[in-house]
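**Student:** Next comes the structure file upload.txt, holding compact mmCIF, C-alpha atoms.
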```txt
# COMPACT_ATOMS: atom_id res chain seq x y z
CA MET A 1 -42.73 -117.89 234.59
CA THR A 2 -43.58 -114.39 233.52
CA THR A 3 -45.27 -113.98 230.19
CA PRO A 4 -43.53 -111.47 227.92
CA ASP A 5 -45.44 -108.39 226.88
CA SER A 6 -45.69 -108.61 223.11
CA ALA A 7 -46.26 -104.89 222.65
CA PRO A 8 -43.25 -102.94 221.30
CA LEU A 9 -41.64 -100.56 223.71
CA SER A 10 -43.29 -97.17 223.25
CA ALA A 11 -43.11 -95.52 226.63
CA PRO A 12 -40.39 -95.11 229.22
CA LEU A 13 -40.13 -97.82 231.79
CA SER A 14 -41.21 -96.06 234.91
CA GLY A 15 -39.63 -95.97 238.31
CA ARG A 16 -40.58 -94.53 241.64
CA GLY A 17 -37.67 -92.21 242.23
CA GLY A 18 -38.83 -89.38 240.01
CA ARG A 19 -37.04 -88.03 236.98
CA PRO A 20 -33.97 -90.00 235.88
CA ARG A 21 -30.69 -88.17 236.15
CA ARG A 22 -29.71 -87.90 232.48
CA ARG A 23 -26.75 -85.82 231.37
CA GLY A 24 -28.04 -84.92 227.93
CA VAL A 25 -25.60 -84.10 225.14
CA GLY A 26 -22.91 -83.48 227.74
CA GLY A 27 -23.16 -87.16 228.61
CA TRP A 28 -22.31 -88.70 225.27
CA ALA A 29 -19.94 -85.90 224.20
CA ASP A 30 -17.81 -86.17 227.34
CA PRO A 31 -14.74 -88.33 226.63
CA ARG A 32 -13.82 -88.72 230.31
CA GLY A 33 -14.11 -92.27 231.54
CA ARG A 34 -14.98 -93.61 228.10
CA HIS A 35 -13.45 -96.76 226.64
CA LEU A 36 -12.49 -97.34 223.01
CA GLY A 37 -16.01 -98.23 221.85
CA GLY A 38 -17.43 -95.18 223.60
CA LEU A 39 -14.80 -92.94 222.05
CA ALA A 40 -15.56 -94.43 218.62
CA PHE A 41 -19.24 -93.67 219.15
CA MET A 42 -18.43 -90.09 220.21
CA LEU A 43 -16.04 -89.50 217.29
CA ASN A 44 -18.60 -90.88 214.86
CA ARG A 45 -21.26 -88.46 216.07
CA LEU A 46 -18.92 -85.47 216.14
CA SER A 47 -17.48 -86.25 212.69
CA GLY A 48 -21.03 -86.71 211.40
CA LEU A 49 -21.99 -83.28 212.70
CA GLY A 50 -18.81 -81.84 211.16
CA VAL A 51 -19.63 -83.36 207.78
CA LEU A 52 -23.16 -81.97 208.05
CA VAL A 53 -21.80 -78.47 208.69
CA TYR A 54 -19.43 -78.88 205.74
CA LEU A 55 -22.35 -79.83 203.49
CA TYR A 56 -23.92 -76.41 204.07
CA LEU A 57 -20.53 -74.72 203.72
CA HIS A 58 -20.10 -76.49 200.40
CA LEU A 59 -23.42 -75.11 199.18
CA VAL A 60 -22.28 -71.60 200.15
CA ILE A 61 -19.06 -72.15 198.19
CA LEU A 62 -20.97 -73.25 195.12
CA TRP A 63 -23.16 -70.19 195.46
CA GLN A 64 -20.01 -68.12 194.72
CA LEU A 65 -20.24 -69.34 191.12
CA ALA A 66 -23.45 -67.42 190.70
CA ARG A 67 -21.77 -64.21 191.80
CA GLY A 68 -19.42 -64.08 188.80
CA PRO A 69 -15.79 -64.88 187.92
CA GLU A 70 -14.25 -62.36 190.33
CA ALA A 71 -16.05 -63.80 193.32
CA TRP A 72 -15.00 -67.30 192.28
CA ASP A 73 -11.36 -66.28 191.77
CA GLY A 74 -11.41 -64.70 195.21
CA PHE A 75 -12.66 -67.93 196.72
CA VAL A 76 -10.00 -69.99 194.91
CA ALA A 77 -7.33 -67.70 196.36
CA LEU A 78 -8.81 -68.19 199.83
CA ALA A 79 -9.00 -71.95 199.32
CA SER A 80 -5.25 -72.06 198.63
CA SER A 81 -4.34 -70.49 201.96
CA PRO A 82 -2.59 -72.77 204.49
CA VAL A 83 -5.40 -72.46 207.03
CA VAL A 84 -7.99 -73.70 204.54
CA LEU A 85 -5.64 -76.48 203.41
CA VAL A 86 -5.34 -77.67 207.01
CA PHE A 87 -9.12 -77.53 207.22
CA ASP A 88 -9.27 -79.70 204.08
CA VAL A 89 -7.05 -82.32 205.71
CA VAL A 90 -9.18 -82.32 208.88
CA LEU A 91 -12.29 -82.63 206.74
CA LEU A 92 -10.85 -85.55 204.82
CA ALA A 93 -9.80 -87.27 208.06
CA GLY A 94 -13.31 -86.77 209.44
CA LEU A 95 -14.91 -88.16 206.30
CA LEU A 96 -12.64 -91.19 206.30
CA LEU A 97 -13.18 -91.85 209.99
CA HIS A 98 -16.94 -91.51 209.68
CA GLY A 99 -17.17 -93.63 206.56
CA LEU A 100 -14.85 -96.40 207.69
CA ASN A 101 -16.43 -96.50 211.14
CA GLY A 102 -19.75 -96.86 209.34
CA VAL A 103 -18.44 -100.09 207.84
CA ARG A 104 -17.48 -101.24 211.35
CA ILE A 105 -20.92 -100.32 212.69
CA GLY A 106 -22.55 -102.27 209.88
CA LEU A 107 -20.51 -105.38 210.54
CA VAL A 108 -20.63 -105.26 214.33
CA GLY A 109 -24.22 -104.02 214.48
CA LEU A 110 -25.49 -107.06 212.65
CA GLY A 111 -23.76 -109.36 215.10
CA LEU A 112 -21.07 -110.52 212.70
CA VAL A 113 -17.86 -109.50 214.46
CA GLU A 114 -19.03 -108.08 217.78
CA HIS A 115 -16.10 -109.60 219.68
CA ARG A 116 -13.63 -107.85 217.38
CA GLN A 117 -15.14 -104.36 217.51
CA LYS A 118 -12.13 -102.77 219.22
CA ALA A 119 -9.54 -104.27 216.88
CA LEU A 120 -11.69 -103.31 213.91
CA PHE A 121 -11.91 -99.71 215.07
CA VAL A 122 -8.16 -99.48 215.66
CA ALA A 123 -7.43 -100.91 212.21
CA LEU A 124 -9.89 -98.63 210.44
CA ALA A 125 -8.80 -95.55 212.40
CA LEU A 126 -5.16 -96.26 211.53
CA GLY A 127 -6.22 -96.62 207.89
CA ALA A 128 -8.02 -93.27 208.04
CA ILE A 129 -4.98 -91.59 209.60
CA LEU A 130 -2.66 -93.13 207.01
CA VAL A 131 -4.78 -92.03 204.05
CA ALA A 132 -5.34 -88.56 205.54
CA GLY A 133 -1.58 -88.27 206.12
CA ILE A 134 -0.75 -89.19 202.54
CA ALA A 135 -3.45 -86.80 201.33
CA ALA A 136 -2.02 -84.03 203.50
CA LEU A 137 1.43 -84.49 201.93
CA ARG A 138 -0.07 -84.37 198.43
CA ILE A 139 -2.25 -81.34 199.22
CA PHE A 140 0.65 -79.26 200.56
CA GLU A 141 2.94 -80.56 197.81
CA VAL A 142 0.56 -79.33 195.11
CA ALA A 143 -0.13 -76.06 196.93
CA MET B 1 -32.10 -98.03 252.31
CA THR B 2 -29.10 -99.20 254.24
CA THR B 3 -28.63 -99.39 257.93
CA VAL B 4 -25.38 -98.33 259.55
CA HIS B 5 -23.01 -101.23 259.06
CA GLY B 6 -20.78 -100.68 262.03
CA GLY B 7 -19.27 -104.13 261.71
CA VAL B 8 -17.31 -103.29 258.60
CA LEU B 9 -15.12 -100.93 260.55
CA ASP B 10 -13.99 -103.81 262.72
CA ARG B 11 -13.07 -106.12 259.86
CA PRO B 12 -9.43 -107.22 260.13
CA ASP B 13 -8.64 -106.00 256.63
CA VAL B 14 -10.18 -102.60 257.26
CA ALA B 15 -9.18 -101.92 260.84
CA GLY B 16 -5.55 -101.35 261.71
CA ALA B 17 -2.84 -98.77 261.31
CA PRO B 18 -3.89 -95.78 259.17
CA HIS B 19 -2.52 -95.54 255.64
CA GLY B 20 -3.21 -91.83 255.54
CA GLU B 21 -6.43 -90.04 254.75
CA ARG B 22 -8.62 -89.57 251.69
CA THR B 23 -11.15 -86.87 251.02
CA ILE B 24 -14.39 -88.29 249.74
CA ARG B 25 -16.62 -85.83 247.88
CA VAL B 26 -20.16 -87.14 247.85
CA ALA B 27 -23.00 -85.85 245.67
CA ARG B 28 -26.02 -85.37 247.88
CA THR B 29 -29.24 -85.42 245.92
CA GLY B 30 -32.75 -85.10 247.25
CA ARG B 31 -31.50 -86.15 250.62
CA VAL B 32 -33.99 -87.48 253.11
CA ALA B 33 -33.79 -85.45 256.31
CA PRO B 34 -33.05 -87.14 259.63
CA ALA B 35 -36.03 -88.86 261.19
CA ASP B 36 -38.48 -86.36 262.48
CA GLY B 37 -41.16 -87.23 265.02
CA ASP B 38 -42.58 -90.55 263.91
CA GLY B 39 -39.74 -91.00 261.47
CA THR B 40 -41.86 -90.60 258.37
CA ALA B 41 -41.23 -86.93 257.63
CA THR B 42 -38.84 -86.31 254.75
CA THR B 43 -37.49 -83.10 253.37
CA PRO B 44 -35.91 -83.32 249.94
CA ALA B 45 -32.90 -81.08 249.52
CA PRO B 46 -33.39 -78.21 247.06
CA GLY B 47 -30.84 -79.67 244.66
CA THR B 48 -27.64 -81.59 244.31
CA HIS B 49 -24.67 -80.40 246.28
CA TRP B 50 -21.32 -81.84 247.24
CA ASP B 51 -20.28 -82.77 250.76
CA ARG B 52 -16.64 -83.41 251.60
CA PHE B 53 -15.57 -85.95 254.20
CA THR B 54 -12.07 -86.81 255.34
CA VAL B 55 -11.79 -90.53 255.95
CA PRO B 56 -8.87 -92.43 257.51
CA VAL B 57 -7.55 -95.11 255.19
CA THR B 58 -7.02 -98.06 257.46
CA SER B 59 -5.95 -100.63 254.91
CA ALA B 60 -4.58 -100.84 251.40
CA ARG B 61 -7.66 -102.92 250.64
CA MET B 62 -10.13 -100.33 251.92
CA THR B 63 -12.89 -99.79 249.39
CA VAL B 64 -15.09 -96.85 248.47
CA LEU B 65 -18.00 -98.58 250.20
CA ASP B 66 -15.88 -99.02 253.33
CA ALA B 67 -15.21 -95.27 253.26
CA LEU B 68 -18.90 -94.51 252.84
CA MET B 69 -19.73 -96.83 255.73
CA HIS B 70 -17.20 -94.93 257.83
CA ILE B 71 -18.92 -91.68 256.90
CA ARG B 72 -22.29 -93.10 257.86
CA ALA B 73 -21.04 -94.57 261.11
CA ARG B 74 -18.79 -91.77 262.32
CA LEU B 75 -19.38 -88.55 260.39
CA ASP B 76 -22.86 -88.24 258.91
CA PRO B 77 -25.52 -90.88 259.57
CA THR B 78 -27.88 -89.19 257.12
CA LEU B 79 -25.83 -90.28 254.10
CA ASP B 80 -27.91 -92.78 252.15
CA VAL B 81 -26.04 -95.68 250.58
CA ARG B 82 -27.47 -99.01 249.50
CA HIS B 83 -25.41 -102.16 249.94
CA SER B 84 -25.68 -105.73 251.00
CA CYS B 85 -23.05 -108.37 250.29
CA PHE B 86 -19.72 -106.46 250.16
CA HIS B 87 -18.36 -108.83 247.48
CA ALA B 88 -19.86 -107.84 244.11
CA SER B 89 -22.60 -110.41 244.29
CA CYS B 90 -25.77 -108.50 245.11
CA GLY B 91 -25.32 -105.55 242.72
CA THR B 92 -26.82 -103.01 245.10
CA CYS B 93 -23.87 -100.67 245.67
CA GLY B 94 -23.46 -99.39 242.10
CA MET B 95 -22.20 -95.82 242.00
CA HIS B 96 -20.34 -93.36 239.78
CA VAL B 97 -16.83 -92.97 241.21
CA ASP B 98 -14.28 -90.64 239.63
CA GLY B 99 -16.06 -90.79 236.29
CA ARG B 100 -16.55 -94.55 236.16
CA ASP B 101 -19.56 -96.71 236.96
CA VAL B 102 -18.46 -99.24 239.54
CA LEU B 103 -19.52 -101.34 242.48
CA GLY B 104 -18.33 -99.48 245.58
CA CYS B 105 -17.66 -102.72 247.45
CA VAL B 106 -14.86 -103.86 245.12
CA THR B 107 -13.38 -100.49 244.17
CA ARG B 108 -10.31 -99.91 246.27
CA LEU B 109 -9.34 -96.39 247.25
CA ALA B 110 -5.72 -97.29 246.51
CA ASP B 111 -6.61 -97.99 242.88
CA LEU B 112 -8.15 -94.55 242.36
CA PRO B 113 -6.15 -91.48 241.27
CA ASP B 114 -4.65 -89.35 244.02
CA GLY B 115 -6.68 -86.48 245.36
CA GLU B 116 -10.35 -86.24 246.15
CA VAL B 117 -12.59 -89.16 245.32
CA ASP B 118 -15.84 -88.05 243.69
CA VAL B 119 -18.77 -90.31 244.45
CA GLU B 120 -22.08 -89.79 242.67
CA PRO B 121 -25.21 -91.89 242.21
CA LEU B 122 -25.53 -93.91 239.02
CA ARG B 123 -26.58 -91.90 236.01
CA ASN B 124 -29.62 -92.20 233.77
CA GLN B 125 -31.68 -93.50 236.66
CA ALA B 126 -33.92 -91.70 239.09
CA VAL B 127 -32.22 -90.81 242.36
CA VAL B 128 -34.16 -91.81 245.42
CA SER B 129 -31.76 -90.22 247.84
CA ASP B 130 -28.04 -89.43 247.82
CA LEU B 131 -26.34 -92.50 246.29
CA VAL B 132 -29.48 -94.61 246.08
CA VAL B 133 -31.12 -94.89 242.67
CA ASP B 134 -34.45 -96.40 241.72
CA LEU B 135 -33.95 -99.69 239.87
CA GLU B 136 -37.67 -100.28 239.42
CA ALA B 137 -37.52 -99.49 235.69
CA LEU B 138 -34.84 -102.14 235.27
CA TYR B 139 -36.96 -104.76 237.02
CA GLU B 140 -40.00 -103.76 234.96
CA GLY B 141 -37.97 -104.37 231.83
CA PHE B 142 -36.92 -107.83 232.97
CA ASP B 143 -40.54 -108.66 233.73
CA ALA B 144 -41.67 -107.32 230.36
CA ILE B 145 -39.41 -109.60 228.35
CA GLY B 146 -40.23 -112.63 230.46
CA MET B 147 -36.84 -113.08 232.07
CA PRO B 148 -37.15 -115.48 234.95
CA LEU B 149 -34.93 -114.61 237.87
CA VAL B 150 -33.56 -118.12 238.34
CA ARG B 151 -33.19 -120.76 235.67
CA THR B 152 -33.11 -124.45 236.43
CA SER B 153 -29.71 -124.87 234.82
CA GLU B 154 -28.17 -122.56 237.38
CA LEU B 155 -28.98 -125.04 240.08
CA VAL B 156 -27.17 -127.91 238.36
CA PRO B 157 -23.38 -127.57 238.48
CA ALA B 158 -22.85 -130.06 235.63
CA SER B 159 -25.40 -128.42 233.35
CA ARG B 160 -24.56 -128.20 229.68
CA PRO B 161 -25.59 -125.58 227.13
CA ALA B 162 -28.90 -126.12 225.36
CA ASP B 163 -28.90 -126.91 221.64
CA GLY B 164 -27.74 -123.90 219.70
CA VAL B 165 -26.20 -122.18 222.72
CA PRO B 166 -22.43 -122.06 222.21
CA PHE B 167 -21.35 -121.73 225.81
CA LEU B 168 -22.71 -120.90 229.24
CA GLY B 169 -21.63 -117.29 229.19
CA ARG B 170 -25.19 -116.51 230.03
CA PHE B 171 -27.04 -113.37 230.97
CA GLU B 172 -27.99 -114.93 234.26
CA ASP B 173 -24.57 -113.62 235.25
CA CYS B 174 -26.28 -110.23 235.37
CA ILE B 175 -26.51 -109.03 238.96
CA GLU B 176 -29.01 -106.28 238.04
CA CYS B 177 -26.81 -103.49 239.37
CA GLY B 178 -27.71 -100.86 236.76
CA LEU B 179 -24.08 -99.97 235.95
CA CYS B 180 -24.68 -100.65 232.24
CA VAL B 181 -27.61 -98.23 232.16
CA SER B 182 -25.47 -95.57 233.80
CA ALA B 183 -22.58 -96.10 231.36
CA CYS B 184 -24.69 -96.15 228.18
CA PRO B 185 -24.30 -92.89 226.18
CA VAL B 186 -27.65 -93.40 224.44
CA GLU B 187 -29.37 -93.36 227.83
CA CYS B 188 -27.95 -89.86 228.39
CA THR B 189 -30.53 -88.40 226.02
CA ASP B 190 -33.17 -91.08 225.59
CA GLY B 191 -35.64 -91.92 228.31
CA VAL B 192 -37.55 -94.44 226.22
CA TYR B 193 -34.70 -96.71 225.19
CA ALA B 194 -35.07 -100.18 226.69
CA GLY B 195 -31.42 -100.15 227.77
CA PRO B 196 -28.61 -102.70 227.72
CA ALA B 197 -29.63 -104.82 230.70
CA VAL B 198 -33.17 -105.46 229.47
CA LEU B 199 -32.08 -106.04 225.86
CA GLY B 200 -29.30 -108.39 226.91
CA ALA B 201 -31.78 -110.35 229.00
CA ALA B 202 -34.21 -110.41 226.06
CA TRP B 203 -31.59 -112.16 223.98
CA ARG B 204 -31.28 -114.84 226.61
CA VAL B 205 -35.03 -115.46 226.47
CA ILE B 206 -34.80 -115.79 222.68
CA GLU B 207 -31.63 -117.84 222.73
CA GLU B 208 -32.94 -120.28 225.29
CA PRO B 209 -36.68 -119.70 225.60
CA ARG B 210 -37.65 -122.71 227.69
CA ASP B 211 -41.30 -121.99 228.43
CA ALA B 212 -41.20 -118.35 227.33
CA ASP B 213 -42.39 -117.17 223.91
CA PRO B 214 -39.43 -115.89 221.86
CA ASP B 215 -41.77 -114.26 219.34
CA ALA B 216 -43.15 -112.03 222.06
CA ALA B 217 -39.63 -111.09 223.14
CA PHE B 218 -38.72 -110.35 219.51
CA ALA B 219 -41.78 -108.11 219.17
CA PHE B 220 -40.87 -106.25 222.34
CA VAL B 221 -37.32 -105.39 221.30
CA ASP B 222 -37.83 -104.93 217.54
CA GLY B 223 -38.30 -101.19 217.35
CA ASP B 224 -36.64 -97.80 217.37
CA GLN B 225 -36.29 -97.89 221.14
CA GLY B 226 -35.30 -101.51 221.29
CA ALA B 227 -32.29 -103.34 219.89
CA TRP B 228 -31.89 -100.97 216.94
CA ARG B 229 -31.45 -97.93 219.22
CA CYS B 230 -28.07 -99.18 220.47
CA HIS B 231 -25.20 -97.18 218.97
CA LEU B 232 -22.46 -99.71 219.64
CA ALA B 233 -20.48 -97.78 222.23
CA PHE B 234 -19.98 -101.03 224.18
CA GLU B 235 -19.66 -99.00 227.38
CA CYS B 236 -22.24 -101.28 229.01
CA SER B 237 -20.03 -104.33 228.60
CA GLU B 238 -17.02 -102.36 229.84
CA ALA B 239 -18.90 -101.32 232.98
CA CYS B 240 -20.47 -104.71 233.68
CA PRO B 241 -18.88 -106.11 236.87
CA SER B 242 -19.93 -109.69 236.15
CA ASP B 243 -19.02 -110.04 232.46
CA ALA B 244 -22.62 -110.49 231.36
CA LEU B 245 -21.65 -108.72 228.09
CA PRO B 246 -24.91 -106.87 227.40
CA ALA B 247 -23.59 -105.14 224.25
CA GLU B 248 -22.58 -108.43 222.66
CA HIS B 249 -26.00 -109.85 223.52
CA ILE B 250 -27.68 -106.87 221.85
CA MET B 251 -25.67 -107.62 218.70
CA HIS B 252 -26.84 -111.26 218.89
CA LEU B 253 -30.35 -109.91 219.29
CA ARG B 254 -30.02 -107.84 216.12
CA ARG B 255 -28.74 -110.81 214.16
CA GLY B 256 -31.62 -112.86 215.52
CA LEU B 257 -34.10 -110.12 214.60
CA LEU B 258 -32.71 -109.94 211.09
CA ARG B 259 -33.02 -113.70 210.61
CA HIS B 260 -36.47 -113.61 212.16
CA ARG B 261 -37.57 -110.91 209.68
CA LEU B 262 -36.05 -112.72 206.73
CA ALA B 263 -37.70 -115.96 207.80
CA ALA B 264 -41.04 -114.19 208.09
CA LEU B 265 -40.51 -112.58 204.67
CA PHE B 266 -39.91 -115.92 203.01
CA GLY B 267 -42.61 -117.70 204.93
CA HIS B 268 -40.32 -119.74 207.13
CA ARG B 269 -40.66 -119.67 210.89
CA GLY B 270 -37.19 -119.30 212.36
CA GLY B 271 -36.59 -120.79 215.76
CA ALA B 272 -34.53 -119.21 218.49
CA SER B 273 -31.67 -121.60 217.89
CA GLU B 274 -31.29 -120.24 214.37
CA GLY B 275 -30.55 -116.84 215.79
CA SER B 276 -27.93 -117.95 218.22
CA ALA B 277 -24.23 -117.71 217.66
```
Have the structure of the file written as structure tokens, please.
**Tutor:**
Amino acid sequence: MTTPDSAPLSAPLSGRGGRPRRRGVGGWADPRGRHLGGLAFMLNRLSGLGVLVYLYLHLVILWQLARGPEAWDGFVALASSPVVLVFDVVLLAGLLLHGLNGVRIGLVGLGLVEHRQKALFVALALGAILVAGIAALRIFEVA
Amino acid sequence: MTTVHGGVLDRPDVAGAPHGERTIRVARTGRVAPADGDGTATTPAPGTHWDRFTVPVTSARMTVLDALMHIRARLDPTLDVRHSCFHASCGTCGMHVDGRDVLGCVTRLADLPDGEVDVEPLRNQAVVSDLVVDLEALYEGFDAIGMPLVRTSELVPASRPADGVPFLGRFEDCIECGLCVSACPVECTDGVYAGPAVLGAAWRVIEEPRDADPDAAFAFVDGDQGAWRCHLAFECSEACPSDALPAEHIMHLRRGLLRHRLAALFGHRGGASEGSA
């Protein structure tokens, strides 16, 4: 029987065929051929990147406050435009999807409900869509 | 490397009246040139390119591997394909067909979308030549975690699960084909990640250690590039042709690692059975 190597993995397992054929970002961001779990992984990463971009956008928006009341009023007018309202709904949907999928990752990733990962994603995604839909109605109602 | 398997073309289910033709588009990568002189000279191609072959479909049950064997036998003997058993048992004919990681021997042409069939080598593994990838890294991983190739229980038809093992849905079902490595999105960008096959096998060593040391297996997989690097895409389990469920085993591994850490924190040595489902 082979004795396990107790050292943690710190270097690539080597092979003799040269450099492995990895697809890079295009590999994980390509939805073709992916199953539900793979799509959930892809959506989680993309929504995470979207939320990260929004974080910086949010800081730029807050910076408008320092430029005086007129600049702020101008931003508020822009924020009420239909295009920005649609963006708000997309942002909310992304936040919900990312957050709720985080709960799924926590539960599945600790080996608690690994055999229910697909059903869990479907349920949480439907929840995110439902909440984002209700929010969209409210946002456009108020606007 | 395979030899021309002329016999497959004479199989009753493959030979017969044509069912039309299919165009097979094969990715040629670092192709070894035809034997030159003493047969040892090789000339790698400058890069990957596609070659198209028109293949007669002689049966509704004709597979991608059958088509590739036809190409080798009748159209281009320099095409390199690895295969052995023709019935999804040996795990040597893994390939990327029309965007999916499959075994060519059990993937029927009739089940693929109309039009050209794209055949590429498995991804995230080094290409030796054309459709042949180097599985050495996979075998190194199995060796590193102490996975024996054959377990005694496999030889006993009436064997029962060991204490703490819920059922015999064991990782010995793994046929070491490398499809899971090709399907894993983390492997697309990470060359250090241990990968689903090795991690799934590590769980088996921990779950049912026999003479192996589960602590050593825990130490091997407990790191950024071990069990915690998995991002739960579950594509490995989807691609697995023998239902070895590597993703589920990685989740068991994480639960086992967590219990192992907690046990160490509170001064209690947790056994492998405590980590099992």
**Student:** With distances taken over only C-alpha atoms, which of B:Ala197, B:Ala144, B:Ala202, B:Leu265 is nearest to chain A?
**Tutor:**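 Among the listed residues, the smallest separation from chain A belongs to B:Ala144.
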**Student:** A:Arg45: which residues within 9 Å, counting only C-alpha atoms, same-chain residues fewer than 5 positions away excluded, as a VMD selection string?
**Tutor:** chain A and resid 29 40 50 98
**Student:** Quick one: distance from atom CA of A:Val86 to atom CA of A:Ala119 in Å, one decimal?
**Tutor:**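 Here the two named atoms are 28.7 Å from each other.
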**Student:** Suppose you want the space between atom CA of B:Arg74 and atom CA of B:Met62; what is it in Å?
**Tutor:**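 If I compute the distance from atom CA of B:Arg74 to atom CA of B:Met62, I get 16.0 Å.
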**Student:** Work out how far atom CA of B:Cys177 is from atom CA of B:Met251, in Å to one decimal.
**Tutor:**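 Pair atom CA of B:Met251 / atom CA of B:Cys177 returns 21.1 Å.
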**Student:** I need the chain B residues near chain A as a PyMOL selection string; criterion: at most 6 Å, counting all atoms listed in the file.
**Tutor:** chain B and resi 99-100+123-128+134+136-137+144-146+185+188-189+191-192+216+219-220+233-235+251-252+254-255
**Student:** Find the residues around A:Phe140 up to 12 Å (all atoms listed in the file counted), leave out those fewer than 6 positions away in its own chain, and share them as a ChimeraX atom specification.
**Tutor:** /A:80-89,133-134
**Student:** Please produce a file of the residues just selected, as a PDB file, in the frame of the given file, where the atoms kept are C-alpha atoms.
**Tutor:**
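Output below, filename part_3.pdb:
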```pdb
ATOM      1  CA  SER A  80      -5.250 -72.060 198.630  1.00  0.00           C
ATOM      2  CA  SER A  81      -4.340 -70.490 201.960  1.00  0.00           C
ATOM      3  CA  PRO A  82      -2.590 -72.770 204.490  1.00  0.00           C
ATOM      4  CA  VAL A  83      -5.400 -72.460 207.030  1.00  0.00           C
ATOM      5  CA  VAL A  84      -7.990 -73.700 204.540  1.00  0.00           C
ATOM      6  CA  LEU A  85      -5.640 -76.480 203.410  1.00  0.00           C
ATOM      7  CA  VAL A  86      -5.340 -77.670 207.010  1.00  0.00           C
ATOM      8  CA  PHE A  87      -9.120 -77.530 207.220  1.00  0.00           C
ATOM      9  CA  ASP A  88      -9.270 -79.700 204.080  1.00  0.00           C
ATOM     10  CA  VAL A  89      -7.050 -82.320 205.710  1.00  0.00           C
ATOM     11  CA  GLY A 133      -1.580 -88.270 206.120  1.00  0.00           C
ATOM     12  CA  ILE A 134      -0.750 -89.190 202.540  1.00  0.00           C
TER      13      ILE A 134
END
```
**Student:** Quick one: residues within 12 Å of A:Tyr54, all atoms listed in the file, excluding same-chain residues fewer than 2 positions away - as a list in words?
**Tutor:**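 Once the adjacent positions are removed, what remains is Ser47, Gly48, Leu49, Gly50, Val51, Leu52, Tyr56, Leu57, His58, Leu59, Val60, Ile61, Phe87, Asp88, Val90, Leu91, Leu92, Gly94 and Leu95 of chain A.
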**Student:** Neighbourhood query: residues within 8 Å of (-6.2, -104.1, 247.2), file coordinates, counting all atoms listed in the file; return as a list in words.
**Tutor:**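 Using all atoms listed in the file, the matching residues come out as Ala60, Arg61, Met62, Arg108, Ala110 and Asp111 of chain B.
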**Student:** Grab the residues selected above and save them as a CSV table (one decimal), keeping the file's coordinate frame with C-alpha atoms.
**Tutor:**
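Saved as again-v2.csv:
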```csv
chain,number,residue,atom,x,y,z
B,60,ALA,CA,-4.6,-100.8,251.4
B,61,ARG,CA,-7.7,-102.9,250.6
B,62,MET,CA,-10.1,-100.3,251.9
B,108,ARG,CA,-10.3,-99.9,246.3
B,110,ALA,CA,-5.7,-97.3,246.5
B,111,ASP,CA,-6.6,-98.0,242.9
```
**Student:** Ranking B:Gly200, B:Gly94, B:Gly195, B:Gly20 by minimum distance to B:Asp114 and counting all atoms listed in the file, which one comes first?
**Tutor:**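 The closest residue to B:Asp114 is B:Gly20.
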**Student:** Provide an axis-aligned box for all listed atoms of stretch 202-219 of chain B, padding each side by 5 Å; report its centre and its edge lengths in Å to one decimal, as AutoDock Vina command-line options.
**Tutor:**
```
--center_x -37.2 --center_y -115.4 --center_z 223.8 --size_x 21.9 --size_y 24.6 --size_z 19.3
```
